[in-house]
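Q: Got a structure for you, written out below as structure tokens; questions coming shortly.
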Amino acid sequence: QVQLVESGGGLVQAGGSLRLSCQASGRTISTLPLAWFRQPPGKERELVATISCSSTLTYYADSVKGRFTISRDNAKNTVDLQMNSLKLEDTAVYYCAAKKVEFYDSNPYSNENAYWGQGTQVTVSS
């Protein structure tokens with residue numbers, strides 16, 4: 001079992017930056033694919049970025065490409081999301097997730113096949 005706890009959310013002006021961090025406990029996440037999701041107000045949860053076990057492969061949603069960077073530190077059991085040039089539409093609750101299947105799983109993240117954190121609120125103001 002893996003427990004995930006996000007931190008670093010808050011209120012920021014448009015154009016600003018925030019760095020989210022997700023601390024895992026319970027077991028090492030070094031062999032698990034990781035991701036960040038977000039859920040804007042009144043909308044469904046959406047994928048923001050993913051990172052492979054060795055950090056060699058990353059994926060970004062078009063809406064954040066070039067502005068957000070996902071990274072992981074397997075020694076510290078953490079995954080971070082650096083968010084720059086924040087926009088009003090980035091306002092959401094941000095969640096980190098870890099696949100339950102080691103190394104690679106082609107299935108989309110779901111409540112059944114991944115561990116999820118409780119989320120951290122990011123609010124971007126004008």
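Quick note on naming: the chains in the structure tokens go A, B, ... in the order shown, residues restart at 1 in each chain, and ligands are numbered from 1 in order of appearance.
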List every residue of range 55-82 of chain A that has an atom at most 12 Å from any atom of range 7-12 of chain A, and for each one report the closest atom pair and its distance in Å to one decimal, counting only C-alpha atoms, with rows sorted by chain and then by increasing residue number, as JSON lines.
A:
```
{"residue": "A:Thr78", "atom": "CA", "partner": "A:Ser7", "partner_atom": "CA", "distance": 11.0}
{"residue": "A:Val79", "atom": "CA", "partner": "A:Ser7", "partner_atom": "CA", "distance": 10.8}
{"residue": "A:Asp80", "atom": "CA", "partner": "A:Ser7", "partner_atom": "CA", "distance": 9.5}
{"residue": "A:Leu81", "atom": "CA", "partner": "A:Gly8", "partner_atom": "CA", "distance": 9.5}
{"residue": "A:Gln82", "atom": "CA", "partner": "A:Gly8", "partner_atom": "CA", "distance": 10.1}
```
Q: DSSP on the backbone, strand (DSSP E or B) only: what residues of chain A does that give? Format it as a ChimeraX atom specification.
A: /A:3-7,10-13,18-25,34-39,46-51,58-60,68-73,78-83,92-99,114-116,120-125
Q: Residues at most 12 Å from Arg72 in chain A, counting only C-alpha atoms, excluding those fewer than 4 positions away in the same chain, as a PyMOL selection string?
A: chain A and resi 20-24+29-36+49-58+76-82+96+98
Q: With only C-alpha atoms as the atoms that count, which of A:Met83, A:Val5, A:Ala114, A:Val124 lies nearest to Thr69 in chain A?
A: A:Met83
Q: Env of Asn111 in chain A: 12 Å cut, atoms = only C-alpha atoms, seq-sep filter 6 positions within chain, self excluded. Answer as a list in words.
A: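 Those residues are Arg45, Ala97, Ala98, Lys99, Lys100 and Gly117 of chain A.
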Q: Residues of the last selection are to be written out with all heavy atoms, as an mmCIF file, in the first residue's frame.
A:
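As written to disk, again-v9.cif reads:
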```cif
data_model
loop_
_atom_site.group_PDB
_atom_site.id
_atom_site.type_symbol
_atom_site.label_atom_id
_atom_site.label_comp_id
_atom_site.auth_asym_id
_atom_site.auth_seq_id
_atom_site.Cartn_x
_atom_site.Cartn_y
_atom_site.Cartn_z
ATOM 1 N N ARG A 45 -11.845 15.317 -13.540
ATOM 2 C CA ARG A 45 -10.402 15.196 -13.339
ATOM 3 C C ARG A 45 -9.702 14.999 -14.682
ATOM 4 O O ARG A 45 -10.194 14.236 -15.534
ATOM 5 C CB ARG A 45 -10.128 14.022 -12.408
ATOM 6 C CG ARG A 45 -8.704 13.850 -11.958
ATOM 7 C CD ARG A 45 -8.629 12.770 -10.891
ATOM 8 N NE ARG A 45 -9.012 11.470 -11.400
ATOM 9 C CZ ARG A 45 -9.257 10.407 -10.633
ATOM 10 N NH1 ARG A 45 -9.179 10.514 -9.312
ATOM 11 N NH2 ARG A 45 -9.597 9.258 -11.173
ATOM 12 N N ALA A 97 -0.556 10.745 -8.396
ATOM 13 C CA ALA A 97 -1.010 9.373 -8.505
ATOM 14 C C ALA A 97 0.163 8.464 -8.823
ATOM 15 O O ALA A 97 1.107 8.874 -9.509
ATOM 16 C CB ALA A 97 -2.078 9.239 -9.586
ATOM 17 N N ALA A 98 0.080 7.233 -8.339
ATOM 18 C CA ALA A 98 1.102 6.215 -8.594
ATOM 19 C C ALA A 98 0.422 4.952 -9.048
ATOM 20 O O ALA A 98 -0.489 4.450 -8.364
ATOM 21 C CB ALA A 98 1.923 5.963 -7.339
ATOM 22 N N LYS A 99 0.840 4.443 -10.205
ATOM 23 C CA LYS A 99 0.264 3.194 -10.694
ATOM 24 C C LYS A 99 0.587 2.052 -9.730
ATOM 25 O O LYS A 99 1.646 2.020 -9.110
ATOM 26 C CB LYS A 99 0.830 2.857 -12.072
ATOM 27 C CG LYS A 99 0.184 3.601 -13.229
ATOM 28 C CD LYS A 99 -1.182 3.037 -13.552
ATOM 29 C CE LYS A 99 -1.817 3.683 -14.767
ATOM 30 N NZ LYS A 99 -1.149 3.277 -16.003
ATOM 31 N N LYS A 100 -0.323 1.115 -9.642
ATOM 32 C CA LYS A 100 -0.091 -0.060 -8.805
ATOM 33 C C LYS A 100 0.769 -1.079 -9.511
ATOM 34 O O LYS A 100 1.426 -1.905 -8.865
ATOM 35 C CB LYS A 100 -1.422 -0.677 -8.392
ATOM 36 C CG LYS A 100 -2.242 0.223 -7.479
ATOM 37 C CD LYS A 100 -3.556 -0.440 -7.084
ATOM 38 C CE LYS A 100 -4.357 0.460 -6.148
ATOM 39 N NZ LYS A 100 -5.665 -0.149 -5.782
ATOM 40 N N GLY A 117 -3.380 10.725 -4.009
ATOM 41 C CA GLY A 117 -3.293 11.603 -2.858
ATOM 42 C C GLY A 117 -4.628 12.290 -2.606
ATOM 43 O O GLY A 117 -5.586 12.098 -3.354
#
```
Q: Could you tell me how far CA of Ala61 in chain A lies from CA of Glu46 in chain A, in Å and to one decimal?
A: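 Distance reported for this atom pair: 8.9 Å.
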Q: Env of Tyr95 in chain A: 8 Å cut, atoms = only C-alpha atoms, seq-sep filter 6 positions within chain, self excluded. Answer as a count of residues only.
A: 9
